[in-house]
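K.L.:
Structure file my_file_29.csv (CSV, C-alpha atoms and all ligand atoms) right here:
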```
chain,number,residue,atom,x,y,z
A,27,MET,CA,-33.7,-37.8,-43.4
A,28,ARG,CA,-30.1,-38.9,-43.4
A,29,LEU,CA,-29.3,-40.8,-40.2
A,30,ARG,CA,-31.7,-42.3,-37.8
A,31,VAL,CA,-30.9,-44.3,-34.6
A,32,GLU,CA,-33.9,-46.0,-33.0
A,33,ALA,CA,-34.0,-47.6,-29.5
A,34,LEU,CA,-30.4,-48.6,-29.7
A,35,GLU,CA,-28.9,-50.8,-26.9
A,36,ALA,CA,-25.3,-51.9,-26.9
A,37,GLY,CA,-22.5,-52.8,-24.5
A,38,TYR,CA,-19.4,-54.9,-24.0
A,39,GLY,CA,-19.6,-58.4,-22.6
A,40,LYS,CA,-22.4,-58.2,-20.0
A,41,ALA,CA,-21.9,-54.5,-19.3
A,42,GLN,CA,-24.7,-52.5,-21.0
A,43,VAL,CA,-23.5,-49.0,-22.1
A,44,LEU,CA,-26.4,-47.7,-24.3
A,45,PHE,CA,-30.0,-47.9,-23.1
A,46,GLY,CA,-32.6,-47.2,-25.9
A,47,VAL,CA,-30.9,-44.3,-27.7
A,48,ASP,CA,-33.0,-42.4,-30.3
A,49,LEU,CA,-31.3,-39.8,-32.5
A,50,GLU,CA,-31.5,-38.1,-35.9
A,51,VAL,CA,-29.1,-36.2,-38.1
A,52,VAL,CA,-30.3,-34.6,-41.4
A,53,GLU,CA,-28.3,-33.1,-44.3
A,54,ASN,CA,-26.7,-29.8,-43.7
A,55,GLU,CA,-26.9,-30.2,-40.0
A,56,LEU,CA,-24.1,-30.2,-37.4
A,57,VAL,CA,-25.4,-32.1,-34.4
A,58,ALA,CA,-23.5,-32.2,-31.1
A,59,LEU,CA,-23.4,-35.3,-28.9
A,60,LEU,CA,-22.5,-34.2,-25.4
A,61,GLY,CA,-22.0,-36.1,-22.1
A,62,ALA,CA,-19.6,-36.8,-19.3
A,63,ASN,CA,-16.7,-39.3,-19.6
A,64,GLY,CA,-18.0,-42.8,-19.9
A,65,ALA,CA,-21.5,-41.7,-20.9
A,66,GLY,CA,-21.3,-43.9,-24.0
A,67,LYS,CA,-20.7,-41.3,-26.8
A,68,THR,CA,-17.8,-43.2,-28.4
A,69,THR,CA,-19.8,-46.5,-28.1
A,70,LEU,CA,-22.7,-44.8,-29.9
A,71,LEU,CA,-20.5,-43.7,-32.8
A,72,ARG,CA,-19.0,-47.1,-33.0
A,73,ALA,CA,-22.4,-48.8,-33.1
A,74,ILE,CA,-23.5,-46.5,-35.9
A,75,SER,CA,-20.5,-47.2,-38.0
A,76,GLY,CA,-20.6,-51.0,-37.3
A,77,LEU,CA,-17.5,-51.3,-35.1
A,78,VAL,CA,-19.7,-52.3,-32.2
A,79,ARG,CA,-22.7,-54.7,-32.7
A,80,PRO,CA,-25.9,-53.4,-31.1
A,81,TRP,CA,-27.8,-55.7,-28.9
A,82,SER,CA,-31.1,-54.3,-30.2
A,83,GLY,CA,-32.5,-51.3,-32.0
A,84,ARG,CA,-31.8,-50.0,-35.5
A,85,VAL,CA,-29.5,-47.7,-37.4
A,86,LEU,CA,-30.9,-46.3,-40.6
A,87,LEU,CA,-29.1,-44.4,-43.4
A,88,GLU,CA,-31.5,-42.7,-45.7
A,89,GLY,CA,-34.2,-45.2,-44.6
A,90,GLN,CA,-32.0,-48.3,-45.2
A,91,ASP,CA,-31.5,-50.5,-42.1
A,92,LEU,CA,-27.7,-51.0,-41.7
A,93,GLY,CA,-28.2,-53.9,-39.3
A,94,GLY,CA,-25.6,-56.7,-39.9
A,95,LEU,CA,-23.6,-54.7,-42.5
A,96,SER,CA,-19.8,-54.5,-42.0
A,97,PRO,CA,-18.1,-51.2,-41.3
A,98,ALA,CA,-16.6,-51.2,-44.8
A,99,LYS,CA,-20.1,-51.6,-46.4
A,100,ARG,CA,-21.4,-48.8,-44.3
A,101,ALA,CA,-18.5,-46.6,-45.4
A,102,ARG,CA,-19.3,-47.4,-49.0
A,103,MET,CA,-22.9,-46.4,-48.4
A,104,GLY,CA,-21.9,-43.0,-47.2
A,105,LEU,CA,-21.0,-43.3,-43.5
A,106,GLY,CA,-17.7,-41.5,-42.7
A,107,HIS,CA,-16.1,-42.0,-39.2
A,108,VAL,CA,-13.2,-39.9,-37.8
A,109,PRO,CA,-12.2,-41.9,-34.8
A,110,GLU,CA,-10.8,-40.6,-31.6
A,111,GLY,CA,-7.0,-40.4,-31.8
A,112,ARG,CA,-7.1,-39.8,-35.6
A,113,GLN,CA,-5.4,-43.2,-36.6
A,114,LEU,CA,-3.3,-41.8,-39.4
A,115,PHE,CA,-0.4,-43.6,-41.0
A,116,PRO,CA,2.6,-41.5,-39.8
A,117,LEU,CA,5.1,-42.7,-42.3
A,118,MET,CA,2.9,-42.0,-45.2
A,119,THR,CA,2.5,-38.5,-46.7
A,120,VAL,CA,-0.5,-36.3,-46.4
A,121,GLU,CA,-1.7,-37.2,-49.9
A,122,GLU,CA,-1.1,-40.9,-49.4
A,123,ASN,CA,-3.2,-40.8,-46.2
A,124,LEU,CA,-5.9,-39.0,-48.2
A,125,ARG,CA,-5.8,-41.6,-51.0
A,126,LEU,CA,-6.6,-44.3,-48.5
A,127,GLY,CA,-9.9,-42.6,-47.9
A,128,ALA,CA,-10.7,-42.8,-51.6
A,129,ALA,CA,-10.3,-46.6,-51.7
A,130,PHE,CA,-14.0,-47.1,-52.5
A,131,LEU,CA,-14.4,-44.3,-55.0
A,132,ALA,CA,-14.7,-44.4,-58.8
A,133,PRO,CA,-11.3,-43.4,-60.2
A,134,GLY,CA,-12.4,-40.1,-61.6
A,135,ARG,CA,-13.6,-38.8,-58.3
A,136,GLU,CA,-10.3,-39.0,-56.5
A,137,ARG,CA,-9.1,-35.7,-57.9
A,138,GLU,CA,-12.4,-34.1,-56.9
A,139,GLY,CA,-11.8,-35.4,-53.4
A,140,TYR,CA,-8.4,-33.8,-53.1
A,141,GLU,CA,-9.7,-30.5,-54.4
A,142,ARG,CA,-12.5,-30.5,-51.8
A,143,VAL,CA,-10.2,-31.4,-48.9
A,144,TYR,CA,-7.4,-28.9,-50.0
A,145,GLY,CA,-10.1,-26.2,-50.5
A,146,LEU,CA,-11.3,-26.8,-46.9
A,147,PHE,CA,-7.8,-27.1,-45.4
A,148,PRO,CA,-5.4,-25.1,-47.5
A,149,ARG,CA,-2.7,-26.0,-45.0
A,150,LEU,CA,-2.9,-29.6,-46.1
A,151,ALA,CA,-2.4,-28.6,-49.7
A,152,GLU,CA,0.9,-26.9,-48.8
A,153,ARG,CA,2.0,-30.0,-47.0
A,154,ARG,CA,0.7,-32.7,-49.4
A,155,ARG,CA,4.2,-34.4,-49.6
A,156,GLN,CA,5.0,-34.1,-45.9
A,157,LEU,CA,4.9,-37.2,-43.7
A,158,ALA,CA,1.7,-37.3,-41.6
A,159,GLY,CA,3.7,-38.0,-38.5
A,160,THR,CA,5.5,-34.7,-38.8
A,161,LEU,CA,2.3,-32.6,-38.9
A,162,SER,CA,1.2,-30.6,-35.9
A,163,GLY,CA,-1.7,-31.9,-33.9
A,164,GLY,CA,-4.2,-29.6,-35.5
A,165,GLU,CA,-3.0,-30.5,-39.0
A,166,GLN,CA,-3.2,-34.2,-38.2
A,167,GLN,CA,-6.8,-33.7,-37.1
A,168,MET,CA,-7.5,-31.8,-40.4
A,169,LEU,CA,-6.0,-34.8,-42.2
A,170,ALA,CA,-8.1,-37.3,-40.3
A,171,ILE,CA,-11.2,-35.3,-41.3
A,172,GLY,CA,-10.0,-34.9,-44.8
A,173,ARG,CA,-9.4,-38.6,-45.2
A,174,ALA,CA,-13.0,-39.3,-44.2
A,175,LEU,CA,-14.2,-36.7,-46.6
A,176,MET,CA,-12.4,-38.4,-49.5
A,177,GLY,CA,-15.2,-41.0,-49.4
A,178,PHE,CA,-17.8,-38.3,-50.0
A,179,PRO,CA,-19.8,-39.3,-46.9
A,180,LYS,CA,-23.5,-38.4,-46.5
A,181,ILE,CA,-23.0,-38.6,-42.7
A,182,LEU,CA,-19.8,-37.9,-40.9
A,183,LEU,CA,-19.2,-39.1,-37.3
A,184,VAL,CA,-16.4,-37.2,-35.6
A,185,ASP,CA,-15.0,-38.2,-32.2
A,186,GLU,CA,-13.4,-35.4,-30.1
A,187,PRO,CA,-11.5,-33.6,-32.9
A,188,SER,CA,-10.3,-30.8,-30.6
A,189,LEU,CA,-8.5,-33.2,-28.2
A,190,GLY,CA,-5.0,-31.8,-27.5
A,191,LEU,CA,-5.5,-28.7,-29.7
A,192,SER,CA,-5.1,-25.1,-28.7
A,193,PRO,CA,-8.4,-23.1,-28.4
A,194,ARG,CA,-7.6,-21.4,-31.7
A,195,LEU,CA,-7.0,-24.6,-33.6
A,196,ALA,CA,-10.0,-26.3,-32.0
A,197,GLU,CA,-12.1,-23.4,-33.2
A,198,GLU,CA,-10.6,-23.7,-36.7
A,199,VAL,CA,-11.4,-27.5,-36.8
A,200,LEU,CA,-15.0,-27.0,-35.6
A,201,LEU,CA,-15.6,-24.2,-38.1
A,202,ALA,CA,-14.3,-26.5,-40.9
A,203,LEU,CA,-16.8,-29.2,-39.8
A,204,LYS,CA,-19.5,-26.5,-39.9
A,205,ALA,CA,-18.4,-25.8,-43.5
A,206,VAL,CA,-18.6,-29.5,-44.3
A,207,ALA,CA,-22.2,-29.6,-43.0
A,208,GLY,CA,-22.8,-26.5,-45.1
A,209,GLU,CA,-21.9,-28.6,-48.2
A,210,GLY,CA,-24.8,-30.9,-47.4
A,211,VAL,CA,-23.2,-33.5,-45.1
A,212,GLY,CA,-24.9,-34.4,-41.8
A,213,VAL,CA,-22.2,-34.2,-39.1
A,214,LEU,CA,-22.5,-35.9,-35.7
A,215,LEU,CA,-19.9,-34.4,-33.4
A,216,VAL,CA,-18.7,-35.7,-30.0
A,217,GLU,CA,-16.8,-32.9,-28.2
A,218,GLN,CA,-15.6,-32.1,-24.7
A,219,ASN,CA,-15.4,-28.4,-25.6
A,220,VAL,CA,-19.1,-27.8,-25.0
A,221,ALA,CA,-19.2,-24.0,-25.2
A,222,LEU,CA,-17.5,-24.0,-28.6
A,223,THR,CA,-19.5,-26.9,-29.8
A,224,LEU,CA,-22.9,-25.4,-28.9
A,225,ASP,CA,-21.7,-22.2,-30.7
A,226,VAL,CA,-21.3,-24.0,-34.0
A,227,ALA,CA,-23.9,-26.8,-33.8
A,228,GLU,CA,-27.5,-26.6,-34.9
A,229,ARG,CA,-28.8,-29.1,-32.5
A,230,GLY,CA,-27.5,-31.3,-29.7
A,231,TYR,CA,-28.1,-34.4,-27.6
A,232,VAL,CA,-26.9,-34.9,-24.0
A,233,LEU,CA,-26.1,-38.5,-23.1
A,234,GLU,CA,-26.0,-39.6,-19.5
A,235,HIS,CA,-25.3,-43.2,-18.5
A,236,GLY,CA,-26.2,-44.3,-22.0
A,237,LYS,CA,-29.5,-42.5,-22.2
A,238,VAL,CA,-30.5,-39.3,-24.0
A,239,VAL,CA,-31.6,-37.0,-21.1
A,240,LEU,CA,-31.8,-33.7,-23.1
A,241,GLU,CA,-32.1,-32.7,-26.7
A,242,GLY,CA,-32.9,-29.6,-28.7
A,243,PRO,CA,-31.5,-26.6,-30.6
A,244,ALA,CA,-28.0,-25.8,-29.6
A,245,SER,CA,-28.9,-22.3,-28.5
A,246,ALA,CA,-31.5,-23.7,-26.1
A,247,LEU,CA,-29.1,-26.3,-24.7
A,248,ALA,CA,-26.5,-23.6,-24.1
A,249,GLN,CA,-29.2,-21.8,-21.9
A,250,ASP,CA,-30.4,-24.9,-20.1
A,251,PRO,CA,-29.4,-24.7,-16.4
A,252,ARG,CA,-28.5,-28.4,-16.3
A,253,VAL,CA,-26.1,-28.0,-19.3
A,254,ARG,CA,-24.7,-24.8,-17.8
A,255,GLU,CA,-24.0,-26.4,-14.5
A,256,ALA,CA,-22.7,-29.8,-15.7
A,257,TYR,CA,-20.8,-28.9,-18.8
A,258,LEU,CA,-20.2,-25.2,-18.9
A,259,SER,CA,-19.3,-24.8,-15.2
A,260,LEU,CA,-21.6,-21.8,-14.8
A,301,LIG,P1,-15.2,-40.5,-23.1
A,301,LIG,O1,-15.7,-39.1,-23.2
A,301,LIG,O2,-14.4,-40.7,-21.8
A,301,LIG,O3,-14.5,-40.9,-24.3
A,301,LIG,P2,-17.6,-41.9,-23.8
A,301,LIG,O4,-18.9,-41.2,-23.5
A,301,LIG,O5,-17.1,-41.8,-25.2
A,301,LIG,O6,-16.5,-41.4,-22.8
A,301,LIG,P3,-17.5,-44.7,-24.1
A,301,LIG,O7,-16.1,-44.7,-24.6
A,301,LIG,O8,-18.5,-45.0,-25.1
A,301,LIG,O9,-17.8,-43.4,-23.4
A,301,LIG,O10,-17.5,-45.8,-22.9
A,301,LIG,C1,-18.7,-46.1,-22.2
A,301,LIG,C2,-18.5,-47.2,-21.2
A,301,LIG,O11,-18.1,-48.4,-21.9
A,301,LIG,C3,-17.4,-46.9,-20.3
A,301,LIG,O12,-17.8,-47.4,-19.0
A,301,LIG,C4,-16.2,-47.7,-20.8
A,301,LIG,O13,-15.3,-48.1,-19.8
A,301,LIG,C5,-16.9,-48.9,-21.5
A,301,LIG,N1,-16.1,-49.4,-22.6
A,301,LIG,C6,-15.7,-48.7,-23.7
A,301,LIG,N2,-15.1,-49.5,-24.6
A,301,LIG,C7,-15.0,-50.7,-24.1
A,301,LIG,C8,-14.5,-52.0,-24.5
A,301,LIG,N3,-13.9,-52.1,-25.7
A,301,LIG,N4,-14.6,-53.0,-23.6
A,301,LIG,C9,-15.2,-52.9,-22.5
A,301,LIG,N5,-15.8,-51.8,-22.0
A,301,LIG,C10,-15.7,-50.7,-22.8
```
With the file now loaded, output its structure as structure tokens.
Ligand code: ATP

P.N.:
Amino acid sequence: MRLRVEALEAGYGKAQVLFGVDLEVVENELVALLGANGAGKTTLLRAISGLVRPWSGRVLLEGQDLGGLSPAKRARMGLGHVPEGRQLFPLMTVEENLRLGAAFLAPGREREGYERVYGLFPRLAERRRQLAGTLSGGEQQMLAIGRALMGFPKILLVDEPSLGLSPRLAEEVLLALKAVAGEGVGVLLVEQNVALTLDVAERGYVLEHGKVVLEGPASALAQDPRVREAYLSL
């Protein structure tokens, strides 16, 4: 078991957003987190990585309770987070952005990290000296994922990576995440592109108003009439 979320409740001020969420992600698994705008998907990712403090419930990484640990500590323990909007440093090069993701690594592993990222995204290798701000949207998303991978995460949380990308690039990014999962990382993916996501994911959860209302194998979710009506417009 890699990541386990138990009975998680969280919100902002007095407004509760998450109501008793249970969820699991294991190694080698790409898990989709689906739901309408405002359902609480981003809040859930932020609660897992420590950016939002849960009101109650637990987040466990390989059995260890992360409660009270800072986001930096969680990152060091193997939790990678690719936030919505990428949050790159536009005036730094591709490689300098990647290096920031290696801040917690033993010095010897940095090279291994570059090799892994450039192997996964050859386009970044060609552009390693280019300023991040001059990359295309798809390349910036690859860089944001690559930066998180530089920390060799056990679990990778990814928030809407296909936002603003063409269908072809969106597919390329999701297939890259599938390859990341294939290397042993558990990936929890928030995506608006439901059809494509259920195509690449192993399992999925559907969040509505802060509660998990459906979960199961991605193939079963893709056939579920509620999913087809609400998220696939079928
Ligand atoms: P989307 O798909 O639109 O990104 P989401 O499922 O990720 O939606 P969240 O971003 O988690 O949803 O938001 C859930 C609820 O929490 C929304 O009602 C939102 O307005 C509210 N919310 C999010 N961030 C904050 C914040 N920093 N302060 C107050 N309320 C917030």

K.L.:
Kindly assemble as a Markdown table a list of the chain A residues that lie within 10 Å of ligand LIG 301 (chain A), each paired with its nearest atom pair and their distance in Å to one decimal, using only C-alpha atoms and all ligand atoms, sorted first by chain and then by ascending residue number.

P.N.:
```
| residue | atom | partner | partner_atom | distance |
| --- | --- | --- | --- | --- |
| A:Ala36 | CA | A:LIG301 | O11 | 9.4 |
| A:Gly37 | CA | A:LIG301 | O11 | 6.7 |
| A:Tyr38 | CA | A:LIG301 | C9 | 4.9 |
| A:Gly39 | CA | A:LIG301 | C9 | 7.0 |
| A:Lys40 | CA | A:LIG301 | C9 | 9.3 |
| A:Ala41 | CA | A:LIG301 | N5 | 7.2 |
| A:Gln42 | CA | A:LIG301 | O11 | 7.8 |
| A:Val43 | CA | A:LIG301 | C2 | 5.4 |
| A:Leu44 | CA | A:LIG301 | C1 | 8.1 |
| A:Leu59 | CA | A:LIG301 | O4 | 9.2 |
| A:Leu60 | CA | A:LIG301 | O4 | 8.1 |
| A:Gly61 | CA | A:LIG301 | O4 | 6.1 |
| A:Ala62 | CA | A:LIG301 | O1 | 6.0 |
| A:Asn63 | CA | A:LIG301 | O2 | 3.5 |
| A:Gly64 | CA | A:LIG301 | O6 | 3.6 |
| A:Ala65 | CA | A:LIG301 | O4 | 3.7 |
| A:Gly66 | CA | A:LIG301 | O8 | 3.2 |
| A:Lys67 | CA | A:LIG301 | O4 | 3.8 |
| A:Thr68 | CA | A:LIG301 | O5 | 3.6 |
| A:Thr69 | CA | A:LIG301 | O8 | 3.6 |
| A:Leu70 | CA | A:LIG301 | O8 | 6.4 |
| A:Leu71 | CA | A:LIG301 | O8 | 8.1 |
| A:Arg72 | CA | A:LIG301 | O8 | 8.2 |
| A:Ala73 | CA | A:LIG301 | O8 | 9.7 |
| A:Val78 | CA | A:LIG301 | N3 | 8.7 |
| A:Glu110 | CA | A:LIG301 | O3 | 8.2 |
| A:Asp185 | CA | A:LIG301 | O5 | 8.1 |
| A:Glu186 | CA | A:LIG301 | O3 | 8.1 |
| A:Val216 | CA | A:LIG301 | O5 | 7.9 |
| A:Glu217 | CA | A:LIG301 | O1 | 8.0 |
| A:Gln218 | CA | A:LIG301 | O1 | 7.2 |
| A:Leu233 | CA | A:LIG301 | O4 | 7.7 |
| A:Glu234 | CA | A:LIG301 | O4 | 8.3 |
| A:His235 | CA | A:LIG301 | C1 | 8.1 |
| A:Gly236 | CA | A:LIG301 | C1 | 7.7 |
```

K.L.:
Do you have, as JSON lines, the list of residues of region 96-148 of chain A lying at most 6 Å from region 157-179 of chain A, each with its nearest atom pair and that distance in Å to one decimal, counting all atoms listed in the file and ordered by chain then number?

P.N.:
```
{"residue": "A:Gly104", "atom": "CA", "partner": "A:Pro179", "partner_atom": "CA", "distance": 4.3}
{"residue": "A:Leu105", "atom": "CA", "partner": "A:Pro179", "partner_atom": "CA", "distance": 5.4}
{"residue": "A:Gly106", "atom": "CA", "partner": "A:Pro179", "partner_atom": "CA", "distance": 5.2}
{"residue": "A:Arg112", "atom": "CA", "partner": "A:Ala170", "partner_atom": "CA", "distance": 5.4}
{"residue": "A:Pro116", "atom": "CA", "partner": "A:Gly159", "partner_atom": "CA", "distance": 3.9}
{"residue": "A:Leu117", "atom": "CA", "partner": "A:Leu157", "partner_atom": "CA", "distance": 5.7}
{"residue": "A:Met118", "atom": "CA", "partner": "A:Leu157", "partner_atom": "CA", "distance": 5.4}
{"residue": "A:Thr119", "atom": "CA", "partner": "A:Leu157", "partner_atom": "CA", "distance": 4.1}
{"residue": "A:Val120", "atom": "CA", "partner": "A:Ala158", "partner_atom": "CA", "distance": 5.4}
{"residue": "A:Leu124", "atom": "CA", "partner": "A:Arg173", "partner_atom": "CA", "distance": 4.6}
{"residue": "A:Gly127", "atom": "CA", "partner": "A:Arg173", "partner_atom": "CA", "distance": 4.9}
{"residue": "A:Ala128", "atom": "CA", "partner": "A:Met176", "partner_atom": "CA", "distance": 5.2}
{"residue": "A:Gly139", "atom": "CA", "partner": "A:Met176", "partner_atom": "CA", "distance": 5.0}
{"residue": "A:Val143", "atom": "CA", "partner": "A:Gly172", "partner_atom": "CA", "distance": 5.4}
```

K.L.:
State, in Å with one decimal place, the distance from CA of Leu126 (chain A) to CA of Ser96 (chain A).

P.N.:
17.9 Å

K.L.:
Expressed in Å to a single decimal, how great is the separation between CA of Arg137 (chain A) and CA of Arg100 (chain A)?

P.N.:
22.5 Å

K.L.:
Quick check, in Å to one decimal: how far apart do CA of Gly111 (chain A) and CA of Leu214 (chain A) lie?

P.N.:
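If I compute the distance from CA of Gly111 (chain A) to CA of Leu214 (chain A), I get 16.6 Å.
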
K.L.:
Applying 12 Å and all atoms listed in the file, which residues near Arg252 (chain A) remain after dropping the ones on its own chain fewer than 6 positions away? List them as a compact mmCIF listing (two decimals) with C-alpha atoms, in the coordinates of the input.

P.N.:
```
# COMPACT_ATOMS: atom_id res chain seq x y z
CA GLY A 61 -22.00 -36.10 -22.10
CA VAL A 232 -26.90 -34.90 -24.00
CA GLU A 234 -26.00 -39.60 -19.50
CA VAL A 239 -31.60 -37.00 -21.10
CA LEU A 240 -31.80 -33.70 -23.10
CA GLU A 241 -32.10 -32.70 -26.70
CA ALA A 246 -31.50 -23.70 -26.10
CA LEU A 258 -20.20 -25.20 -18.90
CA SER A 259 -19.30 -24.80 -15.20
CA LEU A 260 -21.60 -21.80 -14.80
```

K.L.:
Hey, which of A:Leu150, A:Leu182, A:Ala244, A:Leu29 ends up closest to Gly89 (chain A)? Count all atoms listed in the file.

P.N.:
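When distances to Gly89 (chain A) are compared using all atoms listed in the file, the smallest one comes from A:Leu29.
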
K.L.:
With only C-alpha atoms as the atoms that count, which of A:Val108, A:Ala129, A:Ile74, A:Leu201 lies nearest to Pro187 (chain A)?

P.N.:
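Once distances to Pro187 (chain A) are computed over only C-alpha atoms, the minimum belongs to A:Val108.
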
K.L.:
Which residues, written as an MDAnalysis selection string, have at least one atom at most 10 Å from Val31 (chain A), with all atoms listed in the file counted and residues fewer than 2 positions away on the same chain left out?

P.N.:
chainID A and resid 29 33:34 46:51 70 73:74 83:87 91

K.L.:
Could you write those residues out with C-alpha atoms, as an mmCIF file, in the coordinates of the input?

P.N.:
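Result file follows (part-v2.cif):
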```
data_model
loop_
_atom_site.group_PDB
_atom_site.id
_atom_site.type_symbol
_atom_site.label_atom_id
_atom_site.label_comp_id
_atom_site.auth_asym_id
_atom_site.auth_seq_id
_atom_site.Cartn_x
_atom_site.Cartn_y
_atom_site.Cartn_z
ATOM 1 C CA LEU A 29 -29.300 -40.800 -40.200
ATOM 2 C CA ALA A 33 -34.000 -47.600 -29.500
ATOM 3 C CA LEU A 34 -30.400 -48.600 -29.700
ATOM 4 C CA GLY A 46 -32.600 -47.200 -25.900
ATOM 5 C CA VAL A 47 -30.900 -44.300 -27.700
ATOM 6 C CA ASP A 48 -33.000 -42.400 -30.300
ATOM 7 C CA LEU A 49 -31.300 -39.800 -32.500
ATOM 8 C CA GLU A 50 -31.500 -38.100 -35.900
ATOM 9 C CA VAL A 51 -29.100 -36.200 -38.100
ATOM 10 C CA LEU A 70 -22.700 -44.800 -29.900
ATOM 11 C CA ALA A 73 -22.400 -48.800 -33.100
ATOM 12 C CA ILE A 74 -23.500 -46.500 -35.900
ATOM 13 C CA GLY A 83 -32.500 -51.300 -32.000
ATOM 14 C CA ARG A 84 -31.800 -50.000 -35.500
ATOM 15 C CA VAL A 85 -29.500 -47.700 -37.400
ATOM 16 C CA LEU A 86 -30.900 -46.300 -40.600
ATOM 17 C CA LEU A 87 -29.100 -44.400 -43.400
ATOM 18 C CA ASP A 91 -31.500 -50.500 -42.100
#
```

K.L.:
Can you fill out region 72-78 of chain A with all heavy atoms and hand it back as a tab-separated table (two decimals), keeping the file's coordinate frame?

P.N.:
```
chain	number	residue	atom	x	y	z
A	72	ARG	N	-19.48	-45.83	-32.56
A	72	ARG	CA	-19.00	-47.10	-33.00
A	72	ARG	C	-20.14	-48.05	-33.43
A	72	ARG	O	-20.02	-48.85	-34.37
A	72	ARG	CB	-18.10	-47.78	-31.98
A	72	ARG	CG	-16.77	-47.01	-31.79
A	72	ARG	CD	-16.00	-47.52	-30.58
A	72	ARG	NE	-15.53	-48.88	-30.75
A	72	ARG	CZ	-14.41	-49.23	-31.36
A	72	ARG	NH1	-13.59	-48.30	-31.81
A	72	ARG	NH2	-14.07	-50.49	-31.48
A	73	ALA	N	-21.25	-47.95	-32.71
A	73	ALA	CA	-22.40	-48.80	-33.10
A	73	ALA	C	-23.01	-48.30	-34.39
A	73	ALA	O	-23.48	-49.11	-35.20
A	73	ALA	CB	-23.46	-48.72	-31.96
A	74	ILE	N	-22.98	-46.99	-34.63
A	74	ILE	CA	-23.50	-46.50	-35.90
A	74	ILE	C	-22.65	-46.91	-37.07
A	74	ILE	O	-23.15	-47.32	-38.10
A	74	ILE	CB	-23.60	-44.91	-35.84
A	74	ILE	CG1	-24.65	-44.47	-34.80
A	74	ILE	CG2	-23.95	-44.35	-37.22
A	74	ILE	CD1	-24.64	-42.97	-34.51
A	75	SER	N	-21.33	-46.88	-36.89
A	75	SER	CA	-20.50	-47.20	-38.00
A	75	SER	C	-20.18	-48.72	-38.11
A	75	SER	O	-19.46	-49.15	-39.00
A	75	SER	CB	-19.17	-46.41	-38.01
A	75	SER	OG	-18.44	-46.69	-36.86
A	76	GLY	N	-20.74	-49.51	-37.19
A	76	GLY	CA	-20.60	-51.00	-37.30
A	76	GLY	C	-19.45	-51.57	-36.60
A	76	GLY	O	-19.18	-52.77	-36.74
A	77	LEU	N	-18.71	-50.79	-35.82
A	77	LEU	CA	-17.50	-51.30	-35.10
A	77	LEU	C	-17.97	-52.01	-33.82
A	77	LEU	O	-17.22	-52.80	-33.25
A	77	LEU	CB	-16.56	-50.18	-34.80
A	77	LEU	CG	-15.96	-49.52	-36.04
A	77	LEU	CD1	-15.28	-48.21	-35.70
A	77	LEU	CD2	-14.98	-50.47	-36.73
A	78	VAL	N	-19.16	-51.67	-33.33
A	78	VAL	CA	-19.70	-52.30	-32.20
A	78	VAL	C	-21.10	-52.87	-32.64
A	78	VAL	O	-21.85	-52.17	-33.31
A	78	VAL	CB	-19.95	-51.34	-31.01
A	78	VAL	CG1	-20.97	-51.84	-30.01
A	78	VAL	CG2	-18.62	-51.04	-30.32
```
